[in-house]
file protein.tsv (TSV, C-alpha atoms)
chain	number	residue	atom	x	y	z
A	1	MET	CA	74.06	105.86	80.62
A	2	ILE	CA	74.93	103.62	83.57
A	3	ILE	CA	78.59	103.22	84.53
A	4	ARG	CA	79.88	100.58	86.93
A	5	VAL	CA	82.25	102.24	89.43
A	6	ARG	CA	84.55	99.94	91.38
A	7	PHE	CA	86.31	101.21	94.50
A	8	LEU	CA	89.53	99.47	95.60
A	9	PRO	CA	90.95	98.13	97.88
A	10	ASP	CA	87.56	97.19	99.39
A	11	ASP	CA	86.21	96.00	96.02
A	12	VAL	CA	82.90	97.83	96.31
A	13	THR	CA	80.96	98.26	93.06
A	14	VAL	CA	78.27	100.90	92.56
A	15	ASP	CA	76.23	101.73	89.46
A	16	ALA	CA	76.27	105.43	88.58
A	17	GLU	CA	75.03	107.82	85.93
A	18	VAL	CA	77.47	109.68	83.69
A	19	GLY	CA	77.95	113.14	85.18
A	20	GLU	CA	77.03	112.10	88.72
A	21	ALA	CA	79.33	113.48	91.42
A	22	LEU	CA	81.95	110.90	92.36
A	23	LEU	CA	81.58	111.68	96.07
A	24	ASP	CA	77.86	110.94	95.86
A	25	VAL	CA	78.55	107.59	94.18
A	26	ALA	CA	81.07	106.66	96.87
A	27	ASP	CA	78.69	107.71	99.64
A	28	ARG	CA	75.86	105.64	98.16
A	29	GLY	CA	78.16	102.59	98.18
A	30	GLY	CA	79.27	103.18	101.76
A	31	VAL	CA	82.79	104.11	100.62
A	32	PHE	CA	84.46	106.87	102.64
A	33	ILE	CA	86.51	109.43	100.72
A	34	PRO	CA	87.79	112.18	103.03
A	35	THR	CA	87.05	115.73	101.97
A	36	GLY	CA	88.23	119.08	103.22
A	37	CYS	CA	87.53	122.09	101.09
A	38	LEU	CA	85.21	120.53	98.44
A	39	MET	CA	86.92	122.61	95.74
A	40	GLY	CA	89.96	120.40	95.02
A	41	SER	CA	92.64	122.57	96.55
A	42	CYS	CA	93.26	120.68	99.81
A	43	HIS	CA	93.85	117.32	98.04
A	44	ALA	CA	92.16	115.34	100.85
A	45	CYS	CA	89.96	113.53	98.34
A	46	THR	CA	92.78	112.47	95.98
A	47	VAL	CA	92.14	109.11	94.33
A	48	GLU	CA	93.81	107.24	91.48
A	49	LEU	CA	92.10	105.87	88.40
A	50	GLU	CA	93.05	102.46	87.04
A	51	ASP	CA	95.20	104.06	84.32
A	52	GLY	CA	97.24	105.92	86.97
A	53	GLU	CA	95.58	109.30	86.52
A	54	ILE	CA	95.29	111.16	89.83
A	55	ILE	CA	92.01	113.05	90.37
A	56	ARG	CA	90.24	114.86	93.19
A	57	ALA	CA	86.91	113.22	93.91
A	58	CYS	CA	85.24	116.39	95.19
A	59	ILE	CA	85.40	118.07	91.77
A	60	THR	CA	85.06	115.03	89.51
A	61	ALA	CA	81.97	113.63	87.84
A	62	VAL	CA	81.58	110.08	86.54
A	63	PRO	CA	82.99	110.03	82.99
A	64	PRO	CA	81.48	108.05	80.10
A	65	HIS	CA	83.43	104.77	80.41
A	66	GLU	CA	82.15	101.20	80.45
A	67	GLU	CA	83.63	100.72	83.90
A	68	LEU	CA	85.60	102.97	86.22
A	69	THR	CA	88.04	101.58	88.79
A	70	ILE	CA	89.15	103.91	91.56
A	71	ASN	CA	92.01	103.20	93.94
A	72	LEU	CA	91.54	104.97	97.27
A	73	PHE	CA	94.44	106.42	99.20
A	74	SER	CA	94.54	106.36	102.96
A	75	ASP	CA	95.88	109.44	104.71
A	76	PRO	CA	95.72	109.15	108.51
A	77	THR	CA	95.69	112.94	108.91
A	78	TRP	CA	92.21	113.17	107.36

call {"tool": "encode", "arguments": {"input": "protein.tsv", "output": "structure tokens"}}
result
Amino acid sequence: MIIRVRFLPDDVTVDAEVGEALLDVADRGGVFIPTGCLMGSCHACTVELEDGEIIRACITAVPPHEELTINLFSDPTW
């Protein structure tokens, strides 16, 4: 199943498979999401879904939605 993933604020859209690693989808679209530990504990990869849910991109797979909108945070320390 193909899911359209939209990354804000740059408004980049990438098609992804359900279950695909979110970091891989972002990378394929040229979207940079900082990562530190790759296990979710450092919170460097924190992003916000359109409904306000906060997730860590390094441990999240693309869920089965029609479309997924992700708001990226910018942390100058990463």

call {"tool": "atom_distance", "arguments": {"input": "protein.tsv", "atom1": "atom CA of Ile55 of chain A", "atom2": "atom CA of Ile3 of chain A"}}
result
17.6 Å

call {"tool": "closest_residue", "arguments": {"input": "protein.tsv", "among": "A:Gly52, A:Gly29, A:Gly36, A:Pro64", "to": "Asp10 of chain A", "atoms": "only C-alpha atoms"}}
result
A:Gly29

call {"tool": "residues_around", "arguments": {"input": "protein.tsv", "residues": "Cys42 of chain A", "least_positions_apart": "3", "cutoff": "12 Å", "atoms": "all atoms listed in the file", "output": "JSON, numbers by chain"}}
result
{"A": [34, 35, 36, 37, 38, 39, 45, 46, 56, 57, 58, 59, 78]}

call {"tool": "closest_residue", "arguments": {"input": "protein.tsv", "among": "A:Ile33, A:Val14, A:Ala21, A:Ile70", "to": "Asp51 of chain A", "atoms": "only C-alpha atoms"}}
result
A:Ile70

call {"tool": "closest_residue", "arguments": {"input": "protein.tsv", "among": "A:Val62, A:Leu72, A:Val12, A:Val31", "to": "Glu48 of chain A", "atoms": "all atoms listed in the file"}}
result
A:Leu72

call {"tool": "closest_residue", "arguments": {"input": "protein.tsv", "among": "A:Gly30, A:Thr60, A:Gly40, A:Glu53", "to": "Phe7 of chain A", "atoms": "all atoms listed in the file"}}
result
A:Gly30

call {"tool": "residues_around", "arguments": {"input": "protein.tsv", "residues": "Glu20 of chain A", "least_positions_apart": "3", "cutoff": "9 Å", "atoms": "all atoms listed in the file", "output": "ChimeraX atom specification"}}
result
/A:16-17,23-25,60-63

call {"tool": "write_last_selection", "arguments": {"input": "protein.tsv", "atoms": "C-alpha atoms", "output": "PDB file, in the coordinates of the input"}}
result
ATOM      1  CA  ALA A  16      76.270 105.430  88.580  1.00  0.00           C
ATOM      2  CA  GLU A  17      75.030 107.820  85.930  1.00  0.00           C
ATOM      3  CA  LEU A  23      81.580 111.680  96.070  1.00  0.00           C
ATOM      4  CA  ASP A  24      77.860 110.940  95.860  1.00  0.00           C
ATOM      5  CA  VAL A  25      78.550 107.590  94.180  1.00  0.00           C
ATOM      6  CA  THR A  60      85.060 115.030  89.510  1.00  0.00           C
ATOM      7  CA  ALA A  61      81.970 113.630  87.840  1.00  0.00           C
ATOM      8  CA  VAL A  62      81.580 110.080  86.540  1.00  0.00           C
ATOM      9  CA  PRO A  63      82.990 110.030  82.990  1.00  0.00           C
TER      10      PRO A  63
END

call {"tool": "axis_aligned_box", "arguments": {"input": "protein.tsv", "around": "segment 64-74 of chain A", "padding_each_side": "4 Å", "output": "AutoDock Vina command-line options"}}
result
--center_x 88.0 --center_y 104.4 --center_z 91.5 --size_x 21.1 --size_y 15.3 --size_z 30.9

call {"tool": "atom_distance", "arguments": {"input": "protein.tsv", "atom1": "atom CA of His65 of chain A", "atom2": "atom CA of Pro9 of chain A"}}
result
20.1 Å

call {"tool": "decode", "arguments": {"input": "protein.tsv", "residues": "segment 17-45 of chain A", "atoms": "N, CA, C and O atoms", "output": "PDB file, in the first residue's frame"}}
result
ATOM      1  N   GLU A  17       5.943   3.086   1.227  1.00  0.00           N
ATOM      2  CA  GLU A  17       5.219   1.854   1.536  1.00  0.00           C
ATOM      3  C   GLU A  17       4.891   1.827   3.022  1.00  0.00           C
ATOM      4  O   GLU A  17       5.685   2.297   3.846  1.00  0.00           O
ATOM      5  N   VAL A  18       3.747   1.273   3.379  1.00  0.00           N
ATOM      6  CA  VAL A  18       3.410   1.058   4.786  1.00  0.00           C
ATOM      7  C   VAL A  18       4.506   0.194   5.396  1.00  0.00           C
ATOM      8  O   VAL A  18       4.928  -0.801   4.803  1.00  0.00           O
ATOM      9  N   GLY A  19       4.986   0.592   6.569  1.00  0.00           N
ATOM     10  CA  GLY A  19       6.027  -0.167   7.252  1.00  0.00           C
ATOM     11  C   GLY A  19       7.432   0.280   6.934  1.00  0.00           C
ATOM     12  O   GLY A  19       8.383  -0.136   7.595  1.00  0.00           O
ATOM     13  N   GLU A  20       7.591   1.133   5.936  1.00  0.00           N
ATOM     14  CA  GLU A  20       8.917   1.641   5.577  1.00  0.00           C
ATOM     15  C   GLU A  20       9.406   2.583   6.668  1.00  0.00           C
ATOM     16  O   GLU A  20       8.633   3.344   7.254  1.00  0.00           O
ATOM     17  N   ALA A  21      10.696   2.557   6.949  1.00  0.00           N
ATOM     18  CA  ALA A  21      11.269   3.422   7.978  1.00  0.00           C
ATOM     19  C   ALA A  21      11.115   4.892   7.576  1.00  0.00           C
ATOM     20  O   ALA A  21      11.442   5.278   6.454  1.00  0.00           O
ATOM     21  N   LEU A  22      10.614   5.692   8.492  1.00  0.00           N
ATOM     22  CA  LEU A  22      10.369   7.101   8.222  1.00  0.00           C
ATOM     23  C   LEU A  22      11.646   7.847   7.848  1.00  0.00           C
ATOM     24  O   LEU A  22      11.638   8.711   6.975  1.00  0.00           O
ATOM     25  N   LEU A  23      12.762   7.500   8.470  1.00  0.00           N
ATOM     26  CA  LEU A  23      14.031   8.145   8.124  1.00  0.00           C
ATOM     27  C   LEU A  23      14.437   7.843   6.685  1.00  0.00           C
ATOM     28  O   LEU A  23      14.989   8.702   5.996  1.00  0.00           O
ATOM     29  N   ASP A  24      14.163   6.637   6.217  1.00  0.00           N
ATOM     30  CA  ASP A  24      14.477   6.281   4.834  1.00  0.00           C
ATOM     31  C   ASP A  24      13.621   7.079   3.855  1.00  0.00           C
ATOM     32  O   ASP A  24      14.101   7.514   2.809  1.00  0.00           O
ATOM     33  N   VAL A  25      12.360   7.274   4.194  1.00  0.00           N
ATOM     34  CA  VAL A  25      11.454   8.048   3.343  1.00  0.00           C
ATOM     35  C   VAL A  25      11.936   9.493   3.256  1.00  0.00           C
ATOM     36  O   VAL A  25      12.016  10.074   2.172  1.00  0.00           O
ATOM     37  N   ALA A  26      12.284  10.064   4.402  1.00  0.00           N
ATOM     38  CA  ALA A  26      12.782  11.440   4.429  1.00  0.00           C
ATOM     39  C   ALA A  26      14.056  11.563   3.610  1.00  0.00           C
ATOM     40  O   ALA A  26      14.200  12.490   2.801  1.00  0.00           O
ATOM     41  N   ASP A  27      14.968  10.631   3.793  1.00  0.00           N
ATOM     42  CA  ASP A  27      16.239  10.652   3.053  1.00  0.00           C
ATOM     43  C   ASP A  27      16.005  10.582   1.552  1.00  0.00           C
ATOM     44  O   ASP A  27      16.627  11.311   0.780  1.00  0.00           O
ATOM     45  N   ARG A  28      15.099   9.726   1.124  1.00  0.00           N
ATOM     46  CA  ARG A  28      14.797   9.586  -0.300  1.00  0.00           C
ATOM     47  C   ARG A  28      14.253  10.888  -0.891  1.00  0.00           C
ATOM     48  O   ARG A  28      14.490  11.215  -2.040  1.00  0.00           O
ATOM     49  N   GLY A  29      13.535  11.668  -0.068  1.00  0.00           N
ATOM     50  CA  GLY A  29      12.980  12.936  -0.526  1.00  0.00           C
ATOM     51  C   GLY A  29      13.926  14.112  -0.349  1.00  0.00           C
ATOM     52  O   GLY A  29      13.568  15.252  -0.647  1.00  0.00           O
ATOM     53  N   GLY A  30      15.127  13.843   0.168  1.00  0.00           N
ATOM     54  CA  GLY A  30      16.081  14.922   0.386  1.00  0.00           C
ATOM     55  C   GLY A  30      15.757  15.760   1.615  1.00  0.00           C
ATOM     56  O   GLY A  30      16.228  16.882   1.751  1.00  0.00           O
ATOM     57  N   VAL A  31      14.972  15.201   2.533  1.00  0.00           N
ATOM     58  CA  VAL A  31      14.580  15.896   3.756  1.00  0.00           C
ATOM     59  C   VAL A  31      15.509  15.447   4.884  1.00  0.00           C
ATOM     60  O   VAL A  31      15.646  14.248   5.140  1.00  0.00           O
ATOM     61  N   PHE A  32      16.133  16.404   5.549  1.00  0.00           N
ATOM     62  CA  PHE A  32      17.064  16.088   6.630  1.00  0.00           C
ATOM     63  C   PHE A  32      16.326  16.044   7.962  1.00  0.00           C
ATOM     64  O   PHE A  32      15.697  17.017   8.367  1.00  0.00           O
ATOM     65  N   ILE A  33      16.408  14.905   8.638  1.00  0.00           N
ATOM     66  CA  ILE A  33      15.932  14.767  10.008  1.00  0.00           C
ATOM     67  C   ILE A  33      17.155  14.359  10.822  1.00  0.00           C
ATOM     68  O   ILE A  33      17.735  13.301  10.588  1.00  0.00           O
ATOM     69  N   PRO A  34      17.567  15.213  11.771  1.00  0.00           N
ATOM     70  CA  PRO A  34      18.760  14.871  12.551  1.00  0.00           C
ATOM     71  C   PRO A  34      18.530  13.617  13.381  1.00  0.00           C
ATOM     72  O   PRO A  34      17.417  13.353  13.826  1.00  0.00           O
ATOM     73  N   THR A  35      19.577  12.844  13.550  1.00  0.00           N
ATOM     74  CA  THR A  35      19.493  11.641  14.369  1.00  0.00           C
ATOM     75  C   THR A  35      20.715  11.582  15.270  1.00  0.00           C
ATOM     76  O   THR A  35      21.772  12.104  14.941  1.00  0.00           O
ATOM     77  N   GLY A  36      20.559  10.949  16.396  1.00  0.00           N
ATOM     78  CA  GLY A  36      21.668  10.795  17.323  1.00  0.00           C
ATOM     79  C   GLY A  36      21.889   9.337  17.610  1.00  0.00           C
ATOM     80  O   GLY A  36      22.748   8.690  17.053  1.00  0.00           O
ATOM     81  N   CYS A  37      21.026   8.776  18.431  1.00  0.00           N
ATOM     82  CA  CYS A  37      21.230   7.422  18.924  1.00  0.00           C
ATOM     83  C   CYS A  37      20.609   6.343  18.033  1.00  0.00           C
ATOM     84  O   CYS A  37      20.992   5.199  18.103  1.00  0.00           O
ATOM     85  N   LEU A  38      19.600   6.696  17.233  1.00  0.00           N
ATOM     86  CA  LEU A  38      18.854   5.771  16.386  1.00  0.00           C
ATOM     87  C   LEU A  38      18.048   4.735  17.176  1.00  0.00           C
ATOM     88  O   LEU A  38      17.686   3.701  16.663  1.00  0.00           O
ATOM     89  N   MET A  39      17.768   5.043  18.433  1.00  0.00           N
ATOM     90  CA  MET A  39      16.924   4.174  19.251  1.00  0.00           C
ATOM     91  C   MET A  39      15.830   4.973  19.968  1.00  0.00           C
ATOM     92  O   MET A  39      15.166   4.449  20.842  1.00  0.00           O
ATOM     93  N   GLY A  40      15.691   6.260  19.649  1.00  0.00           N
ATOM     94  CA  GLY A  40      14.611   7.073  20.199  1.00  0.00           C
ATOM     95  C   GLY A  40      14.870   7.743  21.521  1.00  0.00           C
ATOM     96  O   GLY A  40      14.054   8.542  21.969  1.00  0.00           O
ATOM     97  N   SER A  41      15.979   7.467  22.165  1.00  0.00           N
ATOM     98  CA  SER A  41      16.178   8.023  23.505  1.00  0.00           C
ATOM     99  C   SER A  41      16.800   9.417  23.522  1.00  0.00           C
ATOM    100  O   SER A  41      16.677  10.120  24.514  1.00  0.00           O
ATOM    101  N   CYS A  42      17.448   9.840  22.450  1.00  0.00           N
ATOM    102  CA  CYS A  42      18.090  11.162  22.463  1.00  0.00           C
ATOM    103  C   CYS A  42      17.140  12.270  22.010  1.00  0.00           C
ATOM    104  O   CYS A  42      17.408  13.440  22.224  1.00  0.00           O
ATOM    105  N   HIS A  43      16.047  11.905  21.355  1.00  0.00           N
ATOM    106  CA  HIS A  43      15.002  12.834  20.900  1.00  0.00           C
ATOM    107  C   HIS A  43      15.464  13.794  19.797  1.00  0.00           C
ATOM    108  O   HIS A  43      14.769  14.758  19.511  1.00  0.00           O
ATOM    109  N   ALA A  44      16.594  13.551  19.178  1.00  0.00           N
ATOM    110  CA  ALA A  44      17.068  14.424  18.098  1.00  0.00           C
ATOM    111  C   ALA A  44      16.135  14.383  16.891  1.00  0.00           C
ATOM    112  O   ALA A  44      15.984  15.370  16.183  1.00  0.00           O
ATOM    113  N   CYS A  45      15.488  13.273  16.667  1.00  0.00           N
ATOM    114  CA  CYS A  45      14.668  13.069  15.477  1.00  0.00           C
ATOM    115  C   CYS A  45      13.178  13.309  15.730  1.00  0.00           C
ATOM    116  O   CYS A  45      12.330  12.842  14.978  1.00  0.00           O
TER     117      CYS A  45
END
